[in-house]
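Visitor: Here you go, this is structure_5.txt (compact mmCIF, C-alpha atoms).
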```
# COMPACT_ATOMS: atom_id res chain seq x y z
CA MET A 1 -8.00 -10.79 12.85
CA ASP A 2 -8.06 -11.07 9.05
CA ASP A 3 -6.64 -7.56 8.79
CA GLU A 4 -3.54 -8.68 10.68
CA LYS A 5 -3.22 -11.79 8.52
CA TRP A 6 -3.31 -9.79 5.28
CA MET A 7 -1.07 -7.05 6.69
CA GLN A 8 1.48 -9.76 7.47
CA ALA A 9 1.39 -10.68 3.77
CA ALA A 10 2.10 -7.01 2.98
CA ILE A 11 4.98 -7.08 5.48
CA ASP A 12 6.36 -10.15 3.68
CA GLU A 13 6.30 -8.10 0.46
CA ALA A 14 8.12 -5.28 2.26
CA LYS A 15 10.83 -7.75 3.29
CA LEU A 16 11.30 -8.66 -0.38
CA ALA A 17 11.86 -4.97 -1.14
CA GLU A 18 14.41 -4.71 1.66
CA GLN A 19 16.31 -7.76 0.36
CA LYS A 20 16.68 -5.84 -2.92
CA GLY A 21 18.00 -2.74 -1.17
CA GLU A 22 14.68 -0.95 -1.60
CA VAL A 23 12.75 0.94 1.06
CA PRO A 24 10.74 -1.83 2.77
CA ILE A 25 7.17 -1.06 1.77
CA GLY A 26 4.82 -3.83 0.68
CA ALA A 27 1.22 -4.17 -0.42
CA VAL A 28 -1.33 -6.85 -1.22
CA ILE A 29 -4.85 -6.59 -2.60
CA VAL A 30 -7.42 -9.07 -1.32
CA LYS A 31 -10.78 -9.97 -2.83
CA ASN A 32 -13.08 -12.71 -1.57
CA GLY A 33 -10.44 -13.97 0.84
CA THR A 34 -7.72 -14.34 -1.81
CA ILE A 35 -4.71 -12.21 -2.66
CA ILE A 36 -5.23 -10.97 -6.22
CA GLY A 37 -2.34 -8.49 -6.34
CA ARG A 38 1.08 -8.09 -4.77
CA GLY A 39 3.72 -5.41 -4.89
CA HIS A 40 6.73 -4.03 -3.12
CA ASN A 41 8.70 -0.87 -3.57
CA LEU A 42 11.02 -0.94 -6.62
CA ARG A 43 11.84 2.74 -7.16
CA GLU A 44 15.61 2.38 -6.83
CA SER A 45 16.09 -0.69 -9.01
CA SER A 46 13.56 0.34 -11.66
CA MET A 47 14.63 4.00 -11.59
CA ASP A 48 10.91 4.74 -11.89
CA PRO A 49 9.21 6.97 -9.32
CA THR A 50 5.83 5.32 -9.96
CA THR A 51 6.87 1.84 -8.82
CA HIS A 52 5.49 2.16 -5.31
CA ALA A 53 4.18 -1.02 -3.67
CA GLU A 54 0.55 0.07 -4.07
CA MET A 55 0.94 0.90 -7.76
CA LEU A 56 2.50 -2.49 -8.50
CA ALA A 57 -0.16 -4.33 -6.48
CA ILE A 58 -2.89 -2.46 -8.38
CA ARG A 59 -1.30 -3.38 -11.71
CA ASP A 60 -1.00 -7.01 -10.62
CA ALA A 61 -4.61 -7.18 -9.41
CA SER A 62 -5.89 -5.56 -12.60
CA LYS A 63 -4.08 -8.18 -14.67
CA HIS A 64 -5.44 -10.93 -12.43
CA LEU A 65 -9.03 -9.72 -12.86
CA ALA A 66 -8.55 -8.52 -16.46
CA ALA A 67 -10.25 -5.30 -15.35
CA TRP A 68 -9.23 -1.87 -14.15
CA ARG A 69 -12.05 -1.70 -11.62
CA LEU A 70 -10.98 -3.46 -8.43
CA LEU A 71 -14.44 -3.37 -6.89
CA ASP A 72 -15.04 -5.06 -3.54
CA SER A 73 -11.31 -5.40 -2.89
CA THR A 74 -9.14 -4.33 0.03
CA LEU A 75 -5.61 -2.96 -0.24
CA TYR A 76 -3.24 -3.71 2.64
CA VAL A 77 -0.10 -1.59 2.66
CA THR A 78 2.63 -1.21 5.25
CA LEU A 79 2.87 2.59 4.92
CA GLU A 80 0.13 5.19 4.54
CA PRO A 81 -0.41 5.92 0.83
CA CYS A 82 1.16 9.00 -0.78
CA PRO A 83 -0.82 11.36 -3.08
CA MET A 84 0.04 9.38 -6.23
CA CYS A 85 -1.00 6.06 -4.73
CA ALA A 86 -4.13 7.54 -3.15
CA GLY A 87 -5.13 8.78 -6.61
CA ALA A 88 -4.54 5.37 -8.17
CA ILE A 89 -6.51 3.72 -5.36
CA LEU A 90 -9.48 5.99 -6.04
CA LEU A 91 -9.26 5.52 -9.80
CA SER A 92 -9.14 1.74 -9.46
CA ARG A 93 -12.26 1.77 -7.25
CA ILE A 94 -10.69 -0.17 -4.39
CA HIS A 95 -13.33 -0.48 -1.67
CA ARG A 96 -11.16 -0.41 1.44
CA VAL A 97 -7.62 0.54 2.41
CA VAL A 98 -5.81 -0.79 5.48
CA PHE A 99 -2.37 0.60 6.29
CA GLY A 100 0.22 0.00 8.97
CA ALA A 101 2.51 2.96 9.69
CA PHE A 102 1.54 6.61 9.35
CA ASP A 103 3.63 8.72 6.95
CA PRO A 104 4.26 12.22 8.37
CA LYS A 105 5.96 13.38 5.15
CA ALA A 106 3.58 12.19 2.43
CA GLY A 107 0.58 10.45 4.01
CA CYS A 108 -2.66 11.15 2.18
CA ALA A 109 -4.95 8.83 4.13
CA GLY A 110 -5.31 11.16 7.08
CA THR A 111 -1.90 12.52 8.05
CA LEU A 112 -1.31 15.44 5.66
CA MET A 113 -4.74 15.15 4.07
CA ASN A 114 -7.28 12.43 3.42
CA LEU A 115 -7.69 12.04 -0.32
CA LEU A 116 -9.25 8.60 0.10
CA GLN A 117 -12.32 9.94 1.85
CA ASP A 118 -12.73 13.33 0.20
CA GLU A 119 -16.39 13.50 -0.82
CA ARG A 120 -15.55 15.76 -3.78
CA PHE A 121 -14.26 12.71 -5.67
CA ASN A 122 -16.67 10.29 -7.31
CA HIS A 123 -15.30 7.40 -5.22
CA THR A 124 -14.22 7.12 -1.60
CA CYS A 125 -12.70 4.25 0.37
CA GLU A 126 -13.29 2.76 3.75
CA LEU A 127 -10.13 3.26 5.76
CA THR A 128 -8.46 1.44 8.65
CA ALA A 129 -5.19 2.83 9.99
CA GLY A 130 -2.45 1.46 12.23
CA VAL A 131 -2.84 -2.31 11.70
CA LEU A 132 0.47 -3.83 12.84
CA GLY A 133 1.68 -0.23 12.75
CA GLU A 134 4.54 -0.80 15.17
CA SER A 135 5.98 -3.64 13.09
CA CYS A 136 5.59 -1.68 9.86
CA GLY A 137 7.10 1.47 11.36
CA SER A 138 10.03 -0.27 13.03
CA MET A 139 10.94 -2.02 9.77
CA LEU A 140 11.21 1.40 8.09
CA SER A 141 13.06 3.00 11.02
CA THR A 142 15.60 0.17 11.13
CA PHE A 143 16.14 0.37 7.37
CA PHE A 144 16.82 4.12 7.42
CA ARG A 145 18.98 3.89 10.56
CA ARG A 146 21.18 1.32 8.78
CA LEU A 147 21.36 3.53 5.68
CA ARG A 148 22.64 6.48 7.73
CA GLN A 149 25.42 4.42 9.36
```
With the file now loaded, output its structure as structure tokens.

Guide:
Amino acid sequence: MDDEKWMQAAIDEAKLAEQKGEVPIGAVIVKNGTIIGRGHNLRESSMDPTTHAEMLAIRDASKHLAAWRLLDSTLYVTLEPCPMCAGAILLSRIHRVVFGAFDPKAGCAGTLMNLLQDERFNHTCELTAGVLGESCGSMLSTFFRRLRQ
């Protein structure tokens, strides 16, 4: 139940991205029942390929905690993390990742590979996939369908 509540907050972030003409991907980081970081995709407006929702939420949470270690936190993101974001998630020591839609082109939380649970790294994450996946996926499908028209 809480997973759906926090994923809805990530969806709200994705809607902010869409209002800006960005691909609608959103993320929030939760610790002790409170959102400590928020982000939504800003690659087009920032002209910066690193401004994915997860990266911005990690930066926001790190500022909030005044620490780079985001121990005991959970990241909720509307789309399965890419390799860059999966790396940042591991490096920031996020405990758990919950995502909505699977990403067949860049997903690194189980689709193409699972970087988040690769035992060769010094940190791994708990992982929950598909939370509100239909809503997250349809938001992306609708966005790209409109772009093609």

Visitor: Could you give me, as a ChimeraX atom specification, the residues within 12 Å of region 139-145 of chain A, counting only C-alpha atoms and dropping anything in the same chain fewer than 5 positions from it?

Guide: /A:11-12,14-15,17-19,21-26,78-79,100-103,132-134

Visitor: Could you check which of A:Ala9, A:Val131, A:Ile36, A:Met55 is closest to Leu71 (chain A), using all atoms listed in the file?

Guide: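 Nearest to Leu71 (chain A): A:Ile36.
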
Visitor: How far is it from CA of Arg38 (chain A) to CA of Glu80 (chain A), in Å with one decimal?

Guide: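 Taking CA of Arg38 (chain A) as the start and CA of Glu80 (chain A) as the end point, the length is 16.2 Å.
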
Visitor: Using all atoms listed in the file for the distances, tell me which of A:Lys20, A:Val30, A:Thr74, A:Arg69 is nearest to Ser45 (chain A).

Guide: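 Ranked by minimum distance to Ser45 (chain A), first place goes to A:Lys20.
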
Visitor: Smallest atom-to-atom distance to Gly33 (chain A): which of A:Glu119, A:Asp3, A:Glu126, A:Asp60, using all atoms listed in the file?

Guide: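 Looking at the shortest contact to Gly33 (chain A), the residue is A:Asp3.
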
Visitor: Of the candidates A:Lys63, A:Gln8, A:Ile35, A:Ala129, which shows the shortest atom-to-atom distance to Thr111 (chain A), using all atoms listed in the file?

Guide: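 Comparing A:Lys63, A:Gln8, A:Ile35, A:Ala129 against Thr111 (chain A), the winner is A:Ala129.
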
Visitor: Would you please work out which residue, of A:Gly37, A:Val28, A:Thr50, A:Pro81, is nearest to Met113 (chain A) when using all atoms listed in the file?

Guide: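 The answer is A:Pro81, which sits nearest to Met113 (chain A).
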
Visitor: Any idea what's packed within 9 Å of Leu127 (chain A), counting all atoms listed in the file, ignoring anything in its chain fewer than 3 positions away? Could you give it as number ranges by chain?

Guide: A: 95-99, 109, 116-117

Visitor: Using all atoms listed in the file, find the one residue out of A:Leu70, A:Ala106, A:Leu90, A:Leu147 that sits nearest to Phe121 (chain A).

Guide: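 That would be A:Leu90, the residue with the smallest distance to Phe121 (chain A).
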
Visitor: Can you tell me how far CA of Ala10 (chain A) sits from CA of Val77 (chain A), in Å to one decimal?

Guide: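 Going from CA of Ala10 (chain A) over to CA of Val77 (chain A), I get 5.9 Å.
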
Visitor: Can you work out the spacing between CA of Thr124 (chain A) and CA of Arg59 (chain A) in Å, to one decimal?

Guide: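 Computing the Euclidean distance for CA of Thr124 (chain A) and CA of Arg59 (chain A) yields 19.5 Å.
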
Visitor: Given the point (0.2, 1.9, -8.2) in the file's coordinates, find the residues that have an atom at most 6 Å from it, counting only C-alpha atoms, and give them as JSON, numbers by chain.

Guide: {"A": [54, 55, 56, 58, 85, 88]}
